[in-house]
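> This is the structure, below, for whatever I ask next.
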Amino acid sequence: MSAHDTEPIADAPDMPAPRVREVPAHSIGGALALLLGLLGLLLAVYLLALSGEGPAFAIAGALVLVAAIISLRGLNTVAPGEARVVQLFGRYKGTIRKDGLRWVNPFTSRTKISTRVRNHETAVLKVNDAYGNPIELAAVVVWKVEDTAQATFEVDNFVKFVATQTETAVRHIAIEYPYDAHDEDGLSLRGNADEITQKLAGELHARVETAGVQIIESRFTHLAYAPEIASAMLQRQQAGAVVAARRQIVEGAVGMVEEALARITERDIVELDEERKAAMVSNLMVVLCGDRAPQPVLNTGTLYQ
């Protein structure tokens, strides 16, 4: 279920507002910076080679060498699906998202962060549903980093944060709804998968939004009663299925009896009094609702003897 289709969750946690937002970092193409840095290294080597003619050449060569090395330190490569969070003396200066060889201020630090789409699948969790029945469930969440600044500075470890919040949201959703609803109008985990997963995606979005994470989709991958009550619940489901089937059979049989009586009366096949109608209805209901094939009995008498 996509997070873009989710509705606000009334009891979602009130997460703190982010203190920093992603902005693009100032950077230039790294090809020219690489060329200038290599030329600086060659010039430094040349000046150091002339150091025998005077100390000025040695000092100039050392200065050019240090400048070239510092300049080359500003180079970094950015692969597709990655970004670099740039900091200067602890202050956030922006994020590099453009892939390729880029050059930034060499005195900054760059933290690599992946912006690729990721999957997180929870372990099979054992919780009690809204009726107190122990159930097992697991979910998979598809997500990606949308705001690299929030993912870096708002939480300690955004990967562990997403994993923990996913498990918390799954547990919270599980205890809010029953596995099977006794009320036909109530929501249940098994009978209303789309509605429940939509609520799960909405709660996940509210929980991880502060970390700059976008929830793309969330689904339950495992949903079952716990082993200790699975047998009893299976019998309950089978009993419910038998009752529903019997109800449908009786409704169909009543309709067929009504139609048979109406046609007999309409075509004036035989005149039936109330006693004969009752006997016919009784026989037809036994034939139509019985578990076994009926055994024909030849009646040589009358209904009254």
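The way I read the labels, and the way they are meant: chains A, B, ... in the order of the structure tokens, residue 1 as the first residue of every chain, and ligand 1 as the first ligand shown, with later ones counted on from there.
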Contacts of range 66-74 of chain A at 9 Å or less, counting only C-alpha atoms, minus same-chain residues fewer than 2 places along, as an NGL selection string?
:A and (30 or 33-34 or 36-41 or 44 or 61-64 or 76 or 102-108)
> Which residue, A:Thr164, A:Ser109, A:Ser27, A:Ser188, has the smallest gap to Ile96 in chain A when you use only C-alpha atoms?
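Among the listed residues, the smallest separation from Ile96 in chain A belongs to A:Ser27.
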> What is the distance between CA of Asp147 in chain A and CA of Asp194 in chain A, in Å to one decimal?
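Rounded to one decimal, the two atoms are 28.1 Å apart.
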> Separation of CA of Asp129 in chain A and CA of Tyr177 in chain A, in Å?
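Spanning CA of Asp129 in chain A to CA of Tyr177 in chain A is a straight-line distance of 6.0 Å.
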> Calculated over only C-alpha atoms, which of the candidates A:Leu65, A:Ala138, A:Ala169, A:Ile249 has the smallest distance to Glu203 in chain A?
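Looking only at the distances to Glu203 in chain A, the closest residue turns out to be A:Ala169.
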> Residues near Gly100 in chain A, anyone? I mean within 12 Å using only C-alpha atoms, not counting same-chain ones fewer than 2 positions away, as an MDAnalysis selection string.
chainID A and resid 27:31 75:84 96:98 102:103
> As a VMD selection string, which residues of range 59-262 of chain A does DSSP assign to helix (DSSP H, G or I)?
chain A and resid 59 to 72 148 to 153 158 to 176 193 to 211 227 to 262
> For Leu187 in chain A, list every protein, DNA or RNA residue within 12 Å, evaluated using only C-alpha atoms, and leave out those in the same chain fewer than 5 positions away; present the list as a list in words.
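Everything that qualifies: Ala130, Ile173, Ala174, Glu176, Tyr177, Pro178, Tyr179, Asp180, Ala181, His182, Asn192, Ala193, Asp194, Glu195, Ile196, Thr197 and Lys199 of chain A.
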> Go ahead and dump the residues you just picked, N, CA and C atoms, as an mmCIF file, in the first residue's frame.

data_model
loop_
_atom_site.group_PDB
_atom_site.id
_atom_site.type_symbol
_atom_site.label_atom_id
_atom_site.label_comp_id
_atom_site.auth_asym_id
_atom_site.auth_seq_id
_atom_site.Cartn_x
_atom_site.Cartn_y
_atom_site.Cartn_z
ATOM 1 N N ALA A 130 -7.276 -7.903 18.920
ATOM 2 C CA ALA A 130 -8.223 -7.116 19.710
ATOM 3 C C ALA A 130 -9.092 -7.979 20.612
ATOM 4 N N ILE A 173 -0.932 -2.066 15.145
ATOM 5 C CA ILE A 173 -2.068 -2.370 14.267
ATOM 6 C C ILE A 173 -2.688 -3.708 14.649
ATOM 7 N N ALA A 174 -1.842 -4.679 15.012
ATOM 8 C CA ALA A 174 -2.340 -6.024 15.329
ATOM 9 C C ALA A 174 -3.235 -6.021 16.561
ATOM 10 N N GLU A 176 -5.034 -3.575 17.604
ATOM 11 C CA GLU A 176 -6.193 -2.714 17.423
ATOM 12 C C GLU A 176 -7.340 -3.434 16.733
ATOM 13 N N TYR A 177 -7.061 -4.534 15.998
ATOM 14 C CA TYR A 177 -8.078 -5.208 15.209
ATOM 15 C C TYR A 177 -8.043 -6.709 15.486
ATOM 16 N N PRO A 178 -9.189 -7.371 15.362
ATOM 17 C CA PRO A 178 -9.206 -8.825 15.554
ATOM 18 C C PRO A 178 -8.746 -9.550 14.299
ATOM 19 N N TYR A 179 -8.344 -10.802 14.490
ATOM 20 C CA TYR A 179 -7.982 -11.628 13.330
ATOM 21 C C TYR A 179 -9.210 -11.855 12.459
ATOM 22 N N ASP A 180 -10.312 -12.263 13.065
ATOM 23 C CA ASP A 180 -11.616 -12.401 12.407
ATOM 24 C C ASP A 180 -12.632 -11.625 13.221
ATOM 25 N N ALA A 181 -13.422 -10.784 12.559
ATOM 26 C CA ALA A 181 -14.402 -9.958 13.252
ATOM 27 C C ALA A 181 -15.691 -10.739 13.453
ATOM 28 N N HIS A 182 -16.213 -10.736 14.709
ATOM 29 C CA HIS A 182 -17.513 -11.348 14.968
ATOM 30 C C HIS A 182 -18.635 -10.506 14.392
ATOM 31 N N ASN A 192 -10.127 -7.750 5.912
ATOM 32 C CA ASN A 192 -10.010 -6.398 5.356
ATOM 33 C C ASN A 192 -8.540 -6.044 5.180
ATOM 34 N N ALA A 193 -7.857 -6.827 4.367
ATOM 35 C CA ALA A 193 -6.406 -6.657 4.196
ATOM 36 C C ALA A 193 -6.055 -5.289 3.624
ATOM 37 N N ASP A 194 -6.820 -4.820 2.638
ATOM 38 C CA ASP A 194 -6.494 -3.540 2.007
ATOM 39 C C ASP A 194 -6.633 -2.379 2.994
ATOM 40 N N GLU A 195 -7.723 -2.373 3.754
ATOM 41 C CA GLU A 195 -7.929 -1.284 4.711
ATOM 42 C C GLU A 195 -6.881 -1.316 5.819
ATOM 43 N N ILE A 196 -6.543 -2.507 6.289
ATOM 44 C CA ILE A 196 -5.569 -2.613 7.376
ATOM 45 C C ILE A 196 -4.178 -2.199 6.904
ATOM 46 N N THR A 197 -3.779 -2.643 5.716
ATOM 47 C CA THR A 197 -2.458 -2.256 5.212
ATOM 48 C C THR A 197 -2.386 -0.760 4.926
ATOM 49 N N LYS A 199 -3.910 1.501 6.740
ATOM 50 C CA LYS A 199 -3.689 2.086 8.056
ATOM 51 C C LYS A 199 -2.254 1.852 8.531
#
> For Ile216 in chain A, which residue among A:Ala17, A:Leu204, A:Ala139, A:Val45 is the nearest when counting only C-alpha atoms?
A:Leu204
> Just to confirm, what's the straight-line distance from CA of Leu88 in chain A to CA of Thr210 in chain A in Å (one decimal)?
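Straight-line distance from CA of Leu88 in chain A to CA of Thr210 in chain A works out to 23.3 Å.
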> Restricting the calculation to only C-alpha atoms, which member of A:Arg207, A:His222, A:Arg276, A:Arg19 is positioned closest to Leu189 in chain A?
A:His222
